[in-house]
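Heads up: the structure comes next, in structure tokens.
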Amino acid sequence: MCGRYVRKSTRREIAAWFGAEDGDVVEWGESYNVAPQTFQPVVRRNRETGQREIVLMRWGLIPFWASDAKIAYSTINARAETVATAPAFREALRHRRCLVPADAFYEWQTLDRKHKQPFAIALSNREPYGFAGLWERWKHEGEWLETFTIITTDPNEVVAPLHNRMPVIVARQDYERWLEGGNPDQPPVDLLRPFPAEQMTAWKVARAVGNVRNDTAALIEPDTVADTQRGLFGTAEESAIE
């Protein structure tokens, strides 16, 4: 799954990277510990102009047919294998795809029954990237709320030693394909695959990231006093993890 991520790029940087309009969107501060149920910038296609736009949405998708917002706690992620058929996501996949700007994401590796080691995962070149996302518009008591989810898939060789899922990262050259309307009966599900491991890296970070109230740049600094030792993964995996 993907339950926490880093978004340190500014509005202007996100607009430039994703080729989106840098209009009158509310400014936001950087966040090194993005958690579900918070409002985050999302890139989608404007239905009127056809241009990419940046919109603030809440993380945790609420389907248009939902009777209340509680479902959002279980829809922060959508599985690539079932997203086309799951009632909560299938219409959004057909008509409301988006990109979720990020600079890194976190996963926790289980060490034993009581301890987990958090890792940060990013592109090796430290460039920003976009998660494959879906969004929905939900009306409650006359008010509209826009929400999103992040699609996950099988892990690549970097993430596999840490977790059995990873968020889908859309390659920059595929942004247009993911966002375009196209034939709703043939959404680009072939893009829902693990990102190439040779372009990614992971490193241990301090356990302070586990508390959502902690949100500073120090969270993504390498943890030099981690309880685990270099030999934890064995020789095969060490080459993929810093």
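All residue names refer to the structure tokens as shown: chains lettered A, B, ... in order, residues numbered from 1 in each chain, ligands numbered from 1 in order.
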Proximity of range 31-115 of chain A to range 149-164 of chain A: per-residue shortest pair, 6 Å limit, only C-alpha atoms, as a tab-separated table:
```
residue	atom	partner	partner_atom	distance
A:Gly60	CA	A:Thr149	CA	5.6
A:Leu61	CA	A:Thr149	CA	5.2
A:Ile76	CA	A:Thr149	CA	4.8
A:Asn77	CA	A:Ile150	CA	4.8
A:Ala78	CA	A:Ile151	CA	4.6
A:Arg79	CA	A:Thr152	CA	5.1
A:Ala80	CA	A:Thr153	CA	5.5
A:Gln109	CA	A:Leu162	CA	4.6
```
- Neighbour list for Tyr5 in chain A as a list in words, cut-off 10 Å, only C-alpha atoms, skip fewer than 2 positions in-chain: Cys2, Gly3, Arg7, Lys8, Ser31, Tyr32, Asn33, Val34, Ala35, Pro36, Pro101, Ala102, Asp103, Ala104, Phe105, Tyr106, Glu107, Ala120, Ile121 and Ala122 of chain A
With a distance cut-off of 12 Å and only C-alpha atoms, select the neighbouring residues of Glu53 in chain A, excluding the residue or stretch itself and same-chain residues fewer than 6 positions from it, and output the selection as a PDB file with N, CA and C atoms, in the first residue's frame.
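That gives us result_23.pdb:
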```pdb
ATOM      1  N   ARG A  11       4.367  24.826  -5.706  1.00  0.00           N
ATOM      2  CA  ARG A  11       3.310  24.879  -6.710  1.00  0.00           C
ATOM      3  C   ARG A  11       3.887  25.146  -8.088  1.00  0.00           C
ATOM      4  N   ARG A  12       4.801  26.085  -8.161  1.00  0.00           N
ATOM      5  CA  ARG A  12       5.387  26.444  -9.460  1.00  0.00           C
ATOM      6  C   ARG A  12       6.194  25.278 -10.032  1.00  0.00           C
ATOM      7  N   ILE A  14       5.714  22.075  -9.434  1.00  0.00           N
ATOM      8  CA  ILE A  14       4.776  21.037  -9.860  1.00  0.00           C
ATOM      9  C   ILE A  14       4.128  21.410 -11.188  1.00  0.00           C
ATOM     10  N   ALA A  15       3.737  22.679 -11.313  1.00  0.00           N
ATOM     11  CA  ALA A  15       3.124  23.131 -12.563  1.00  0.00           C
ATOM     12  C   ALA A  15       4.076  22.938 -13.739  1.00  0.00           C
ATOM     13  N   ALA A  16       5.344  23.265 -13.541  1.00  0.00           N
ATOM     14  CA  ALA A  16       6.325  23.127 -14.616  1.00  0.00           C
ATOM     15  C   ALA A  16       6.577  21.659 -14.950  1.00  0.00           C
ATOM     16  N   PHE A  18       4.674  18.982 -14.465  1.00  0.00           N
ATOM     17  CA  PHE A  18       3.524  18.263 -14.999  1.00  0.00           C
ATOM     18  C   PHE A  18       2.852  19.001 -16.158  1.00  0.00           C
ATOM     19  N   GLY A  19       3.408  20.136 -16.554  1.00  0.00           N
ATOM     20  CA  GLY A  19       2.828  20.879 -17.664  1.00  0.00           C
ATOM     21  C   GLY A  19       1.426  21.352 -17.379  1.00  0.00           C
ATOM     22  N   ALA A  20       1.189  21.801 -16.139  1.00  0.00           N
ATOM     23  CA  ALA A  20      -0.144  22.223 -15.724  1.00  0.00           C
ATOM     24  C   ALA A  20      -0.225  23.737 -15.614  1.00  0.00           C
ATOM     25  N   GLU A  21      -1.434  24.261 -15.715  1.00  0.00           N
ATOM     26  CA  GLU A  21      -1.658  25.682 -15.552  1.00  0.00           C
ATOM     27  C   GLU A  21      -1.350  26.099 -14.117  1.00  0.00           C
ATOM     28  N   ASP A  22      -0.591  27.172 -13.972  1.00  0.00           N
ATOM     29  CA  ASP A  22      -0.254  27.686 -12.645  1.00  0.00           C
ATOM     30  C   ASP A  22      -1.177  28.872 -12.364  1.00  0.00           C
ATOM     31  N   GLY A  23      -2.449  28.555 -12.133  1.00  0.00           N
ATOM     32  CA  GLY A  23      -3.453  29.603 -11.976  1.00  0.00           C
ATOM     33  C   GLY A  23      -3.642  30.029 -10.538  1.00  0.00           C
ATOM     34  N   ASP A  24      -4.877  30.370 -10.210  1.00  0.00           N
ATOM     35  CA  ASP A  24      -5.188  30.903  -8.883  1.00  0.00           C
ATOM     36  C   ASP A  24      -5.460  29.787  -7.887  1.00  0.00           C
ATOM     37  N   VAL A  25      -4.600  28.811  -7.874  1.00  0.00           N
ATOM     38  CA  VAL A  25      -4.755  27.721  -6.926  1.00  0.00           C
ATOM     39  C   VAL A  25      -4.183  28.168  -5.581  1.00  0.00           C
ATOM     40  N   PRO A  41      -2.308  18.617  -3.492  1.00  0.00           N
ATOM     41  CA  PRO A  41      -2.435  18.969  -4.904  1.00  0.00           C
ATOM     42  C   PRO A  41      -2.471  17.735  -5.801  1.00  0.00           C
ATOM     43  N   VAL A  42      -3.373  17.775  -6.761  1.00  0.00           N
ATOM     44  CA  VAL A  42      -3.560  16.696  -7.718  1.00  0.00           C
ATOM     45  C   VAL A  42      -3.627  17.323  -9.112  1.00  0.00           C
ATOM     46  N   VAL A  43      -3.045  16.648 -10.090  1.00  0.00           N
ATOM     47  CA  VAL A  43      -3.064  17.141 -11.466  1.00  0.00           C
ATOM     48  C   VAL A  43      -4.099  16.347 -12.261  1.00  0.00           C
ATOM     49  N   ARG A  44      -5.007  17.078 -12.910  1.00  0.00           N
ATOM     50  CA  ARG A  44      -6.022  16.444 -13.753  1.00  0.00           C
ATOM     51  C   ARG A  44      -6.233  17.299 -14.996  1.00  0.00           C
ATOM     52  N   ARG A  45      -7.041  16.808 -15.918  1.00  0.00           N
ATOM     53  CA  ARG A  45      -7.363  17.567 -17.120  1.00  0.00           C
ATOM     54  C   ARG A  45      -8.645  18.372 -16.872  1.00  0.00           C
ATOM     55  N   ASN A  46      -8.586  19.661 -17.153  1.00  0.00           N
ATOM     56  CA  ASN A  46      -9.761  20.519 -17.034  1.00  0.00           C
ATOM     57  C   ASN A  46     -10.768  20.145 -18.117  1.00  0.00           C
ATOM     58  N   ARG A  47     -11.969  19.824 -17.706  1.00  0.00           N
ATOM     59  CA  ARG A  47     -12.963  19.324 -18.659  1.00  0.00           C
ATOM     60  C   ARG A  47     -13.402  20.378 -19.660  1.00  0.00           C
ATOM     61  N   CYS A  98      -6.094  10.898 -12.647  1.00  0.00           N
ATOM     62  CA  CYS A  98      -5.281  12.051 -12.260  1.00  0.00           C
ATOM     63  C   CYS A  98      -3.869  11.595 -11.916  1.00  0.00           C
ATOM     64  N   LEU A  99      -3.000  12.556 -11.677  1.00  0.00           N
ATOM     65  CA  LEU A  99      -1.635  12.301 -11.214  1.00  0.00           C
ATOM     66  C   LEU A  99      -1.466  12.961  -9.854  1.00  0.00           C
ATOM     67  N   VAL A 100      -0.811  12.261  -8.943  1.00  0.00           N
ATOM     68  CA  VAL A 100      -0.582  12.782  -7.595  1.00  0.00           C
ATOM     69  C   VAL A 100       0.903  13.112  -7.461  1.00  0.00           C
ATOM     70  N   LEU A 179      -3.829  10.787 -18.521  1.00  0.00           N
ATOM     71  CA  LEU A 179      -4.811  11.835 -18.249  1.00  0.00           C
ATOM     72  C   LEU A 179      -5.844  12.028 -19.356  1.00  0.00           C
TER      73      LEU A 179
END
```
- Between A:Thr216, A:Thr49, A:Thr10, A:Thr75, which is the closest to Thr147 in chain A once you count only C-alpha atoms?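 Under the stated criterion, the closest residue is A:Thr75.
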- Could you give me the residues within range 53-216 of chain A that DSSP places in alpha helix (DSSP H), as a ChimeraX atom specification? /A:90-95,175-179
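Candidate residues A:Ala217, A:Val189, A:Glu13, A:Phe119 were compared for distance to Ala132 in chain A, and the nearest is A:Val189, using only C-alpha atoms.
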- Kindly indicate which residue among A:Ala66, A:Ala206, A:Asn125, A:Arg137 lies nearest to Ala218 in chain A, using only C-alpha atoms for the distances. A:Ala206
- Using only C-alpha atoms, which of the listed residues (A:Phe64, A:Asn183, A:Pro222, A:Leu123) sits closest to Glu136 in chain A?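 Going through A:Phe64, A:Asn183, A:Pro222, A:Leu123 one by one, the smallest distance to Glu136 in chain A is for A:Phe64.
Of the residues listed (A:Asp215, A:Ala88, A:Ala72, A:Asp223), A:Asp215 shows the shortest atom-to-atom separation from Gly29 in chain A; distances use only C-alpha atoms.
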